[in-house]
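S.K.: start_30.csv is the file, holding CSV, C-alpha atoms and all ligand atoms:
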```
chain,number,residue,atom,x,y,z
A,14,MET,CA,-17.9,-13.4,10.7
A,15,PRO,CA,-18.3,-14.2,14.4
A,16,LEU,CA,-15.3,-13.3,16.6
A,17,ARG,CA,-14.5,-17.0,17.3
A,18,GLN,CA,-13.7,-17.5,13.6
A,19,VAL,CA,-11.2,-14.7,13.2
A,20,GLU,CA,-7.8,-16.2,13.0
A,21,GLY,CA,-4.5,-15.4,14.5
A,22,GLN,CA,-5.6,-12.7,17.0
A,23,ASP,CA,-6.3,-14.7,20.1
A,24,ARG,CA,-5.1,-12.1,22.6
A,25,PRO,CA,-7.1,-9.1,21.5
A,26,LEU,CA,-10.1,-11.2,20.8
A,27,ARG,CA,-10.0,-12.7,24.3
A,28,THR,CA,-10.2,-9.2,25.7
A,29,LEU,CA,-13.3,-8.4,23.6
A,30,ARG,CA,-15.0,-11.7,24.2
A,31,ARG,CA,-14.5,-11.4,27.9
A,32,ALA,CA,-16.0,-7.9,27.8
A,33,LEU,CA,-19.0,-9.2,25.8
A,34,ALA,CA,-19.6,-12.1,28.1
A,35,SER,CA,-19.4,-10.0,31.3
A,36,GLY,CA,-21.5,-7.2,29.7
A,37,ARG,CA,-18.9,-4.7,30.8
A,38,LEU,CA,-18.4,-3.0,27.5
A,39,HIS,CA,-16.5,0.2,26.8
A,40,HIS,CA,-18.5,2.6,24.7
A,41,ALA,CA,-15.6,3.1,22.3
A,42,TYR,CA,-13.0,0.7,21.2
A,43,LEU,CA,-10.0,1.4,19.0
A,44,PHE,CA,-8.8,-1.6,17.0
A,45,ALA,CA,-5.2,-0.7,16.3
A,46,GLY,CA,-2.6,-2.6,14.4
A,47,PRO,CA,-1.3,-3.2,10.8
A,48,ASP,CA,-3.7,-3.3,7.9
A,49,GLY,CA,-4.9,-6.7,6.6
A,50,VAL,CA,-4.6,-8.6,9.9
A,51,GLY,CA,-8.3,-9.0,10.8
A,52,LYS,CA,-9.2,-5.7,12.5
A,53,GLY,CA,-12.0,-5.0,10.1
A,54,LEU,CA,-13.3,-8.6,10.3
A,55,SER,CA,-13.2,-8.3,14.1
A,56,ALA,CA,-15.1,-5.0,14.0
A,57,VAL,CA,-17.8,-6.7,12.0
A,58,GLY,CA,-17.7,-9.7,14.4
A,59,MET,CA,-18.1,-7.3,17.3
A,60,ALA,CA,-21.1,-5.6,15.6
A,61,GLU,CA,-22.6,-9.1,15.0
A,62,ALA,CA,-22.1,-10.0,18.7
A,63,LEU,CA,-23.8,-6.8,19.8
A,64,LEU,CA,-26.7,-7.0,17.4
A,65,CYS,CA,-27.3,-10.8,17.2
A,66,THR,CA,-30.8,-11.8,18.2
A,67,ALA,CA,-29.7,-15.4,19.2
A,68,PRO,CA,-26.2,-15.0,20.8
A,69,ARG,CA,-24.4,-18.0,22.1
A,70,ASP,CA,-23.8,-18.7,25.8
A,71,ASP,CA,-20.4,-17.0,25.6
A,72,ALA,CA,-22.0,-13.9,24.1
A,73,ASP,CA,-20.4,-14.4,20.6
A,74,ALA,CA,-22.7,-14.0,17.6
A,75,CYS,CA,-24.6,-17.0,16.3
A,76,GLY,CA,-23.5,-15.9,12.8
A,77,GLU,CA,-26.7,-17.2,11.2
A,78,CYS,CA,-29.7,-15.2,12.4
A,79,ALA,CA,-31.2,-12.4,10.2
A,80,ALA,CA,-29.5,-9.7,12.3
A,81,CYS,CA,-26.0,-11.4,11.9
A,82,ARG,CA,-26.5,-11.7,8.1
A,83,ARG,CA,-27.6,-8.1,7.8
A,84,VAL,CA,-24.6,-6.9,9.7
A,85,ALA,CA,-22.3,-9.0,7.4
A,86,THR,CA,-23.9,-7.4,4.3
A,87,ARG,CA,-23.9,-3.9,5.9
A,88,GLN,CA,-27.7,-3.8,5.8
A,89,HIS,CA,-28.6,-3.7,9.5
A,90,PRO,CA,-30.4,-0.4,10.3
A,91,ASP,CA,-28.6,-0.1,13.7
A,92,LEU,CA,-25.2,-0.6,12.2
A,93,HIS,CA,-23.7,2.7,11.0
A,94,ILE,CA,-20.5,2.8,9.0
A,95,LEU,CA,-18.3,5.8,8.7
A,96,GLU,CA,-15.5,5.6,6.2
A,97,ARG,CA,-13.7,7.5,3.4
A,98,GLY,CA,-16.1,7.9,0.5
A,99,GLU,CA,-15.6,6.8,-3.1
A,100,LYS,CA,-14.4,9.5,-5.5
A,101,ALA,CA,-16.5,10.2,-8.5
A,102,GLY,CA,-13.7,9.3,-10.9
A,103,GLY,CA,-12.8,6.1,-9.0
A,104,GLY,CA,-10.5,5.6,-6.0
A,105,THR,CA,-11.1,6.5,-2.4
A,106,GLU,CA,-11.3,10.0,-0.8
A,107,ARG,CA,-8.3,10.9,1.3
A,108,SER,CA,-10.4,12.2,4.1
A,109,ILE,CA,-13.6,11.6,6.0
A,110,LYS,CA,-15.8,14.7,5.6
A,111,ILE,CA,-17.4,16.7,8.3
A,112,ASP,CA,-20.8,16.2,6.6
A,113,GLN,CA,-20.5,12.5,7.1
A,114,VAL,CA,-20.0,13.0,10.8
A,115,ARG,CA,-23.0,15.3,11.0
A,116,ALA,CA,-25.2,12.8,9.1
A,117,LEU,CA,-24.1,10.1,11.6
A,118,GLN,CA,-25.0,12.4,14.5
A,119,ARG,CA,-28.5,13.1,12.9
A,120,ALA,CA,-29.0,9.3,12.6
A,121,LEU,CA,-28.0,8.7,16.2
A,122,SER,CA,-30.4,11.4,17.4
A,123,PHE,CA,-33.3,9.0,16.5
A,124,LYS,CA,-34.1,5.8,18.4
A,125,SER,CA,-32.6,2.6,17.3
A,126,PHE,CA,-34.6,0.5,14.9
A,127,GLU,CA,-34.5,-3.1,16.0
A,128,GLY,CA,-33.5,-3.3,19.6
A,129,ALA,CA,-31.7,-1.4,22.2
A,130,ARG,CA,-28.2,-1.4,20.7
A,131,ARG,CA,-26.5,0.6,18.0
A,132,VAL,CA,-23.0,0.1,16.6
A,133,ILE,CA,-20.8,2.6,14.7
A,134,ILE,CA,-17.8,1.2,12.9
A,135,LEU,CA,-15.4,4.0,11.9
A,136,TYR,CA,-12.7,3.0,9.4
A,137,ASP,CA,-9.5,5.0,9.1
A,138,PRO,CA,-10.3,7.6,11.8
A,139,GLU,CA,-6.9,9.1,11.2
A,140,ALA,CA,-8.4,10.3,7.9
A,141,MET,CA,-10.3,13.0,9.7
A,142,ASN,CA,-8.9,16.5,9.8
A,143,PRO,CA,-8.9,18.2,13.2
A,144,PRO,CA,-12.3,20.0,12.7
A,145,THR,CA,-14.0,16.8,11.6
A,146,ALA,CA,-12.4,14.9,14.5
A,147,ASN,CA,-13.5,17.6,16.9
A,148,ALA,CA,-17.0,17.5,15.6
A,149,LEU,CA,-17.1,13.8,16.4
A,150,LEU,CA,-15.6,14.1,19.9
A,151,LYS,CA,-18.7,14.8,21.9
A,152,THR,CA,-20.6,11.9,20.3
A,153,LEU,CA,-17.5,9.7,21.0
A,154,GLU,CA,-17.4,10.7,24.6
A,155,GLU,CA,-21.2,10.4,25.3
A,156,PRO,CA,-22.6,8.3,22.5
A,157,GLY,CA,-25.8,7.6,24.4
A,158,PRO,CA,-27.0,4.4,26.0
A,159,ASP,CA,-26.3,1.1,24.3
A,160,THR,CA,-24.4,2.8,21.5
A,161,HIS,CA,-21.0,1.4,20.7
A,162,PHE,CA,-18.2,2.8,18.6
A,163,VAL,CA,-15.5,0.6,17.0
A,164,LEU,CA,-12.6,2.6,15.4
A,165,VAL,CA,-10.5,0.6,13.1
A,166,SER,CA,-7.0,2.2,12.4
A,167,GLY,CA,-3.9,1.0,10.7
A,168,ALA,CA,-2.2,4.3,11.8
A,169,ALA,CA,-3.3,5.0,15.3
A,170,HIS,CA,-0.2,7.1,15.9
A,171,ARG,CA,-1.7,9.7,13.7
A,172,LEU,CA,-4.9,10.0,15.8
A,173,LEU,CA,-5.4,13.1,17.9
A,174,PRO,CA,-4.8,12.6,21.6
A,175,THR,CA,-8.4,13.7,22.3
A,176,ILE,CA,-9.7,10.8,20.2
A,177,LEU,CA,-7.3,8.3,21.6
A,178,SER,CA,-8.1,9.2,25.2
A,179,ARG,CA,-11.8,8.4,24.6
A,180,CYS,CA,-11.2,4.9,23.3
A,181,GLN,CA,-10.2,1.6,24.9
A,182,ARG,CA,-7.3,0.4,22.7
A,183,VAL,CA,-7.3,-3.2,21.5
A,184,GLN,CA,-4.0,-4.0,19.8
A,185,PHE,CA,-3.9,-6.3,16.9
A,186,VAL,CA,-0.7,-8.0,15.8
A,187,PRO,CA,0.8,-9.2,12.5
A,188,LEU,CA,-0.5,-12.7,11.7
A,189,PRO,CA,1.8,-15.7,12.0
A,190,ARG,CA,3.6,-16.3,8.7
A,191,GLU,CA,2.0,-19.7,8.1
A,192,VAL,CA,-1.5,-18.2,8.5
A,193,VAL,CA,-0.7,-15.6,5.9
A,194,ALA,CA,0.9,-18.1,3.6
A,195,ARG,CA,-2.2,-20.4,3.8
A,196,HIS,CA,-4.6,-17.5,3.0
A,197,LEU,CA,-2.5,-16.3,0.1
A,198,ALA,CA,-2.3,-19.8,-1.3
A,199,GLU,CA,-6.1,-20.2,-1.0
A,200,ARG,CA,-7.1,-16.8,-2.2
A,201,ALA,CA,-4.6,-16.0,-4.8
A,202,GLY,CA,-4.0,-19.6,-6.1
A,203,LEU,CA,-0.3,-19.5,-5.3
A,204,ASP,CA,1.9,-22.6,-4.9
A,205,ALA,CA,3.3,-23.2,-1.4
A,206,GLY,CA,6.8,-21.8,-2.2
A,207,ALA,CA,5.5,-18.5,-3.7
A,208,ALA,CA,2.9,-18.1,-0.9
A,209,GLU,CA,5.6,-18.6,1.7
A,210,LEU,CA,7.9,-16.0,0.2
A,211,LEU,CA,5.0,-13.5,-0.2
A,212,ALA,CA,3.9,-14.2,3.4
A,213,GLY,CA,7.4,-13.0,4.5
A,214,LEU,CA,7.1,-9.9,2.3
A,215,SER,CA,3.7,-9.2,3.7
A,216,GLU,CA,4.8,-8.9,7.3
A,217,GLY,CA,1.9,-10.7,8.7
A,218,SER,CA,-0.8,-9.0,6.7
A,219,VAL,CA,-3.0,-11.0,4.3
A,220,GLY,CA,-4.3,-7.7,2.9
A,221,LYS,CA,-0.8,-6.5,2.0
A,222,GLY,CA,0.0,-9.9,0.5
A,223,LEU,CA,-3.0,-9.8,-1.8
A,224,ALA,CA,-2.2,-6.2,-2.8
A,225,LEU,CA,1.3,-7.3,-3.7
A,226,VAL,CA,-0.1,-10.2,-5.8
A,227,GLN,CA,-2.4,-7.8,-7.6
A,228,SER,CA,0.1,-5.0,-8.3
A,229,ASP,CA,3.2,-5.2,-10.4
A,230,VAL,CA,5.3,-3.6,-7.6
A,231,LEU,CA,6.8,-6.9,-6.6
A,232,ALA,CA,7.7,-7.8,-10.2
A,233,GLN,CA,9.5,-4.5,-10.4
A,234,ARG,CA,11.3,-4.9,-7.1
A,235,GLU,CA,14.8,-5.5,-8.4
A,236,ALA,CA,14.5,-2.8,-11.1
A,237,LEU,CA,13.3,-0.4,-8.4
A,238,LEU,CA,16.2,-1.2,-6.1
A,239,ASP,CA,18.7,-0.8,-9.0
A,240,ARG,CA,17.5,2.8,-9.2
A,241,VAL,CA,16.7,3.8,-5.7
A,242,ASP,CA,19.3,1.9,-3.7
A,243,ASP,CA,22.2,2.7,-6.0
A,244,PRO,CA,25.6,3.4,-4.4
A,245,GLU,CA,26.4,5.6,-7.4
A,246,GLY,CA,23.0,7.4,-7.3
A,247,LEU,CA,24.4,10.8,-6.4
A,248,ARG,CA,26.1,11.0,-9.8
A,249,ARG,CA,22.8,10.8,-11.6
A,250,VAL,CA,20.5,13.3,-9.9
A,251,PRO,CA,18.5,14.2,-13.0
A,252,GLU,CA,17.5,10.6,-13.4
A,253,LEU,CA,16.4,10.5,-9.7
A,254,LEU,CA,14.3,13.6,-10.2
A,255,ASP,CA,12.6,11.9,-13.2
A,256,LEU,CA,12.0,8.8,-11.1
A,257,ALA,CA,10.4,11.0,-8.3
A,258,GLU,CA,8.0,12.4,-10.9
A,259,GLN,CA,7.1,8.9,-12.2
A,260,LEU,CA,6.5,7.6,-8.7
A,261,ALA,CA,4.4,10.6,-7.8
A,262,GLY,CA,2.1,9.6,-10.6
A,263,ARG,CA,1.7,6.1,-9.1
A,264,LYS,CA,-0.2,7.1,-5.9
A,265,ASP,CA,-2.0,3.8,-5.6
A,266,ASP,CA,1.3,1.9,-5.5
A,267,LEU,CA,3.2,4.2,-3.2
A,268,GLU,CA,2.2,2.4,0.0
A,269,LEU,CA,3.5,-0.9,-1.4
A,270,ILE,CA,6.7,0.7,-2.8
A,271,PHE,CA,7.4,2.3,0.7
A,272,HIS,CA,6.7,-1.1,2.2
A,273,LEU,CA,9.2,-2.9,0.0
A,274,LEU,CA,11.9,-0.3,0.5
A,275,ARG,CA,11.3,-0.2,4.3
A,276,THR,CA,11.6,-4.0,4.6
A,277,TRP,CA,14.7,-3.8,2.3
A,278,TYR,CA,16.6,-1.5,4.6
A,279,ARG,CA,15.5,-3.4,7.6
A,280,ASP,CA,16.8,-6.6,6.0
A,281,VAL,CA,20.1,-4.8,5.4
A,282,LEU,CA,20.3,-3.9,9.2
A,283,LEU,CA,19.4,-7.5,10.1
A,284,ALA,CA,22.2,-8.8,7.8
A,285,GLN,CA,24.6,-6.3,9.4
A,286,GLU,CA,23.6,-7.8,12.8
A,287,GLY,CA,24.6,-11.2,11.4
A,288,LEU,CA,21.1,-12.7,11.3
A,289,PRO,CA,20.6,-15.8,9.0
A,290,ASP,CA,18.9,-15.6,5.6
A,291,GLU,CA,15.7,-17.1,7.0
A,292,ALA,CA,15.2,-14.0,9.2
A,293,LEU,CA,15.1,-11.8,6.1
A,294,VAL,CA,11.9,-10.6,4.4
A,295,HIS,CA,13.7,-10.5,1.0
A,296,ARG,CA,15.3,-13.9,1.6
A,297,ASP,CA,15.1,-14.7,-2.1
A,298,LEU,CA,17.5,-11.8,-2.6
A,299,ALA,CA,19.7,-12.6,0.4
A,300,ALA,CA,23.0,-12.3,-1.5
A,301,ARG,CA,22.0,-8.8,-2.6
A,302,VAL,CA,21.0,-7.9,0.9
A,303,ARG,CA,24.3,-9.1,2.2
A,304,ALA,CA,26.3,-7.2,-0.5
A,305,ARG,CA,24.5,-4.0,0.4
A,306,ALA,CA,24.9,-4.7,4.1
A,307,ALA,CA,28.7,-4.7,3.6
A,308,GLN,CA,28.6,-1.4,1.7
A,309,LEU,CA,26.5,0.6,4.2
A,310,THR,CA,27.2,1.3,7.9
A,311,PRO,CA,24.3,0.6,10.2
A,312,ARG,CA,23.9,4.3,10.8
A,313,GLN,CA,23.5,4.8,7.0
A,314,ALA,CA,20.9,2.1,6.8
A,315,LEU,CA,19.0,3.6,9.7
A,316,ALA,CA,19.1,7.0,8.1
A,317,ARG,CA,17.5,5.5,5.0
A,318,LEU,CA,14.8,3.9,7.1
A,319,ASP,CA,14.2,7.2,8.9
A,320,ALA,CA,13.9,9.0,5.5
A,321,LEU,CA,11.2,6.5,4.4
A,322,ASN,CA,9.3,6.9,7.6
A,323,SER,CA,9.3,10.7,7.7
A,324,THR,CA,8.4,10.9,4.0
A,325,GLU,CA,5.5,8.6,4.5
A,326,ASP,CA,4.3,10.6,7.5
A,327,ALA,CA,4.7,13.8,5.4
A,328,LEU,CA,2.6,12.4,2.6
A,329,ALA,CA,-0.1,11.4,5.1
A,330,ARG,CA,-0.2,15.0,6.1
A,331,MET,CA,-0.8,15.9,2.4
A,332,ALA,CA,2.7,17.3,1.8
A,333,ASN,CA,3.7,17.9,-1.9
A,334,VAL,CA,4.1,14.4,-3.2
A,335,ARG,CA,6.8,15.1,-5.9
A,336,LEU,CA,8.9,17.3,-3.7
A,337,SER,CA,8.8,14.8,-0.9
A,338,LEU,CA,9.8,12.0,-3.2
A,339,GLU,CA,12.6,14.0,-4.7
A,340,THR,CA,14.1,14.6,-1.3
A,341,LEU,CA,13.5,11.0,-0.2
A,342,LEU,CA,15.3,9.6,-3.3
A,343,LEU,CA,18.3,11.9,-2.7
A,344,ARG,CA,18.5,10.8,0.9
A,345,LEU,CA,18.3,7.1,-0.2
A,346,VAL,CA,21.4,7.5,-2.3
A,347,GLY,CA,23.2,9.2,0.5
A,348,ALA,CA,22.6,13.0,0.2
A,349,GLN,CA,22.4,14.7,3.6
A,350,PRO,CA,19.0,16.2,4.4
A,351,ARG,CA,18.8,19.9,4.2
A,352,ARG,CA,15.2,20.4,5.3
A,353,SER,CA,13.2,18.6,7.9
A,354,ALA,CA,9.9,19.1,6.0
A,355,ALA,CA,10.6,16.1,3.8
B,1,ZN,ZN,-27.0,-14.0,15.2
```
Written as structure tokens, how would this file's structure read?

M.R.:
Amino acid sequence: MPLRQVEGQDRPLRTLRRALASGRLHHAYLFAGPDGVGKGLSAVGMAEALLCTAPRDDADACGECAACRRVATRQHPDLHILERGEKAGGGTERSIKIDQVRALQRALSFKSFEGARRVIILYDPEAMNPPTANALLKTLEEPGPDTHFVLVSGAAHRLLPTILSRCQRVQFVPLPREVVARHLAERAGLDAGAAELLAGLSEGSVGKGLALVQSDVLAQREALLDRVDDPEGLRRVPELLDLAEQLAGRKDDLELIFHLLRTWYRDVLLAQEGLPDEALVHRDLAARVRARAAQLTPRQALARLDALNSTEDALARMANVRLSLETLLLRLVGAQPRRSAA
């Protein structure tokens, strides 16, 4: 998809299109921002613009030539994609392997196939461990003439400073609520009311909205809150430990579960600040948000948000899932943290 067709990201795309039109391109861009807001589409659009054989006057891709079509279907020989592999038993690998980086470097040591330019799109660069990232550094710093890197990251804060410093950062933002609602209505066949609510829960990410539609996490939201956000929770620790074990077995759902809980406590804070129901993500549960806001102090709500964030970071660093979740659930029902590792 050419850059001009990517929706809701006018500011970052203006930067890119200006660089394309002037020919003053950085050799490595980092597209940073939440998942599901158009970073990946824009990376493909950038690759199309760079490899298109009939670009428009403004240097955006034509979107129709053979080169553009081959980029869109990942079949262009001068487009290299580096991403987490598929696991044999299904699912995605947690990390990008050093062998993948070496294979890329071998491919780049040959001449480009079609023209002068080559494009490397690197998805989830934060999924490289330090040795893998270090192996990539030299190539990232001096990729060779007419070779362009686009790193696409939903968690740029986890990237090594050495990677960050070699990239020009382009910041993507959450999409406007109405754009997300329209996409969800079209792509998931939702009516306007359901799409609007889901757009709020998705925080400007079409990808997250679609993931919520496809999983049963949203349907279980109130049951989950009953157990996780229970003022009496500290009286039933064994049940919490059982729940931690169950959640540890739902690895694919954890990101959405964290998302729901994070937006929940943020809503509690907003309600404590006196914001109206329309400002809440969980506006359909506004009465429940307000009841909880009256029970907790802002400091307690913040402590719960902090527990969620630090647990998610720990899991990204491959901490013990069950132990991390046990500690998290205890903190969410009001236990004081004893270790910082969780
Ligand atoms: Zn083209």

S.K.: Could you please determine the separation between atom CA of A:Tyr136 and atom CA of A:Val334 in Å, to one decimal place?

M.R.: 23.9 Å

S.K.: Please measure the separation of atom CA of A:Gly206 and atom CA of A:Ala224, giving the value in Å to one decimal.

M.R.: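 Distance reported for this atom pair: 18.0 Å.
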
S.K.: Could you give me, as an MDAnalysis selection string, every polymer residue with an atom at most 7 Å away from an atom of ligand ZN 1 (chain B), counting all atoms listed in the file?

M.R.: chainID A and resid 61 65:68 74:81

S.K.: Here is a test: counting only C-alpha atoms, which residue of A:Arg200, A:Gly21, A:Arg131, A:Ser35 is nearest to A:Gln227?

M.R.: A:Arg200

S.K.: Find the residue from A:Asp280, A:Asp326, A:Asp265, A:Glu155 that sits nearest to A:Arg301; use all atoms listed in the file when measuring.

M.R.: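 Distance minimum relative to A:Arg301 lands on A:Asp280.
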
S.K.: Using all atoms listed in the file, which of A:Ala329, A:Leu343, A:Ile109, A:Leu288 sits nearest A:Glu268?

M.R.: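 Distance minimum relative to A:Glu268 lands on A:Ala329.
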
S.K.: What does the distance from atom CA of A:Leu237 to atom CA of A:Met331 come to in Å, to one decimal?

M.R.: 24.1 Å

S.K.: Nearest to A:Leu328 among A:Ala306, A:Lys264, A:Asp23, A:Leu63, with distances taken over only C-alpha atoms: which residue is it?

M.R.: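 Looking at the shortest contact to A:Leu328, the residue is A:Lys264.
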
S.K.: Taking all atoms listed in the file into account, produce a table as JSON lines in which each residue of stretch 80-157 of chain A with an atom at most 10 Å from an atom of stretch 173-196 of chain A appears once, together with its shortest atom pair and the distance in Å to one decimal, ordered by chain and rising number.

M.R.:
```
{"residue": "A:Pro138", "atom": "CA", "partner": "A:Ile176", "partner_atom": "CA", "distance": 9.0}
{"residue": "A:Glu139", "atom": "CA", "partner": "A:Leu173", "partner_atom": "CA", "distance": 7.9}
{"residue": "A:Met141", "atom": "CA", "partner": "A:Leu173", "partner_atom": "CA", "distance": 9.6}
{"residue": "A:Asn142", "atom": "CA", "partner": "A:Leu173", "partner_atom": "CA", "distance": 9.5}
{"residue": "A:Pro143", "atom": "CA", "partner": "A:Leu173", "partner_atom": "CA", "distance": 7.8}
{"residue": "A:Ala146", "atom": "CA", "partner": "A:Ile176", "partner_atom": "CA", "distance": 7.5}
{"residue": "A:Asn147", "atom": "CA", "partner": "A:Thr175", "partner_atom": "CA", "distance": 8.4}
{"residue": "A:Leu149", "atom": "CA", "partner": "A:Ile176", "partner_atom": "CA", "distance": 8.8}
{"residue": "A:Leu150", "atom": "CA", "partner": "A:Ile176", "partner_atom": "CA", "distance": 6.8}
{"residue": "A:Lys151", "atom": "CA", "partner": "A:Arg179", "partner_atom": "CA", "distance": 9.8}
{"residue": "A:Leu153", "atom": "CA", "partner": "A:Arg179", "partner_atom": "CA", "distance": 6.9}
{"residue": "A:Glu154", "atom": "CA", "partner": "A:Arg179", "partner_atom": "CA", "distance": 6.1}
{"residue": "A:Glu155", "atom": "CA", "partner": "A:Arg179", "partner_atom": "CA", "distance": 9.6}
```

S.K.: Counting all atoms listed in the file, which residues have an atom no more than 9 Å from (20.0, 13.4, -6.6) in the file's coordinates? Please list them as a compact mmCIF listing (two decimals) with C-alpha atoms, in the frame of the given file.

M.R.:
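Writing done, so here's part_38.txt:
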```txt
# COMPACT_ATOMS: atom_id res chain seq x y z
CA GLY A 246 23.00 7.40 -7.30
CA LEU A 247 24.40 10.80 -6.40
CA ARG A 248 26.10 11.00 -9.80
CA ARG A 249 22.80 10.80 -11.60
CA VAL A 250 20.50 13.30 -9.90
CA PRO A 251 18.50 14.20 -13.00
CA GLU A 252 17.50 10.60 -13.40
CA LEU A 253 16.40 10.50 -9.70
CA LEU A 254 14.30 13.60 -10.20
CA GLU A 339 12.60 14.00 -4.70
CA THR A 340 14.10 14.60 -1.30
CA LEU A 342 15.30 9.60 -3.30
CA LEU A 343 18.30 11.90 -2.70
CA ARG A 344 18.50 10.80 0.90
CA VAL A 346 21.40 7.50 -2.30
CA GLY A 347 23.20 9.20 0.50
CA ALA A 348 22.60 13.00 0.20
```

S.K.: Taking (13.1, -15.5, -0.4) in the file's coordinates, which residues come within 10 Å, counting only C-alpha atoms, written as a list in words?

M.R.: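 I get Gly206, Ala207, Glu209, Leu210, Leu211, Gly213, Leu214, Asp290, Glu291, Ala292, Leu293, Val294, His295, Arg296, Asp297, Leu298 and Ala299 of chain A for the residues within 10 Å of that point.
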
S.K.: Taking 6 positions as the minimum chain separation for residues in the same chain, which residues sit within 9 Å of A:Leu260 when counting all atoms listed in the file? Answer as a ChimeraX atom specification.

M.R.: /A:266-267,335,338

S.K.: Which of these, A:Lys221, A:Arg107, A:Arg279, A:Lys124, has the shortest distance to A:Asp48 once you count all atoms listed in the file?

M.R.: A:Lys221

S.K.: What lies within 7 Å of A:Leu345 using all atoms listed in the file, ignoring chain neighbours under 4 positions off, as a tab-separated table (two decimals) with C-alpha atoms, in the coordinates of the input?

M.R.:
```
chain	number	residue	atom	x	y	z
A	241	VAL	CA	16.70	3.80	-5.70
A	242	ASP	CA	19.30	1.90	-3.70
A	317	ARG	CA	17.50	5.50	5.00
A	341	LEU	CA	13.50	11.00	-0.20
```

S.K.: Taking only C-alpha atoms into account, which of A:Ala32, A:Val281, A:Val163, A:Ala300 comes nearest A:Gln313?

M.R.: A:Val281

S.K.: Hey, what's within 10 Å of A:Leu117 if we count all atoms listed in the file and toss same-chain stuff fewer than 3 positions away? As a ChimeraX atom specification, please?

M.R.: /A:93-95,111-114,120-122,133,149,152
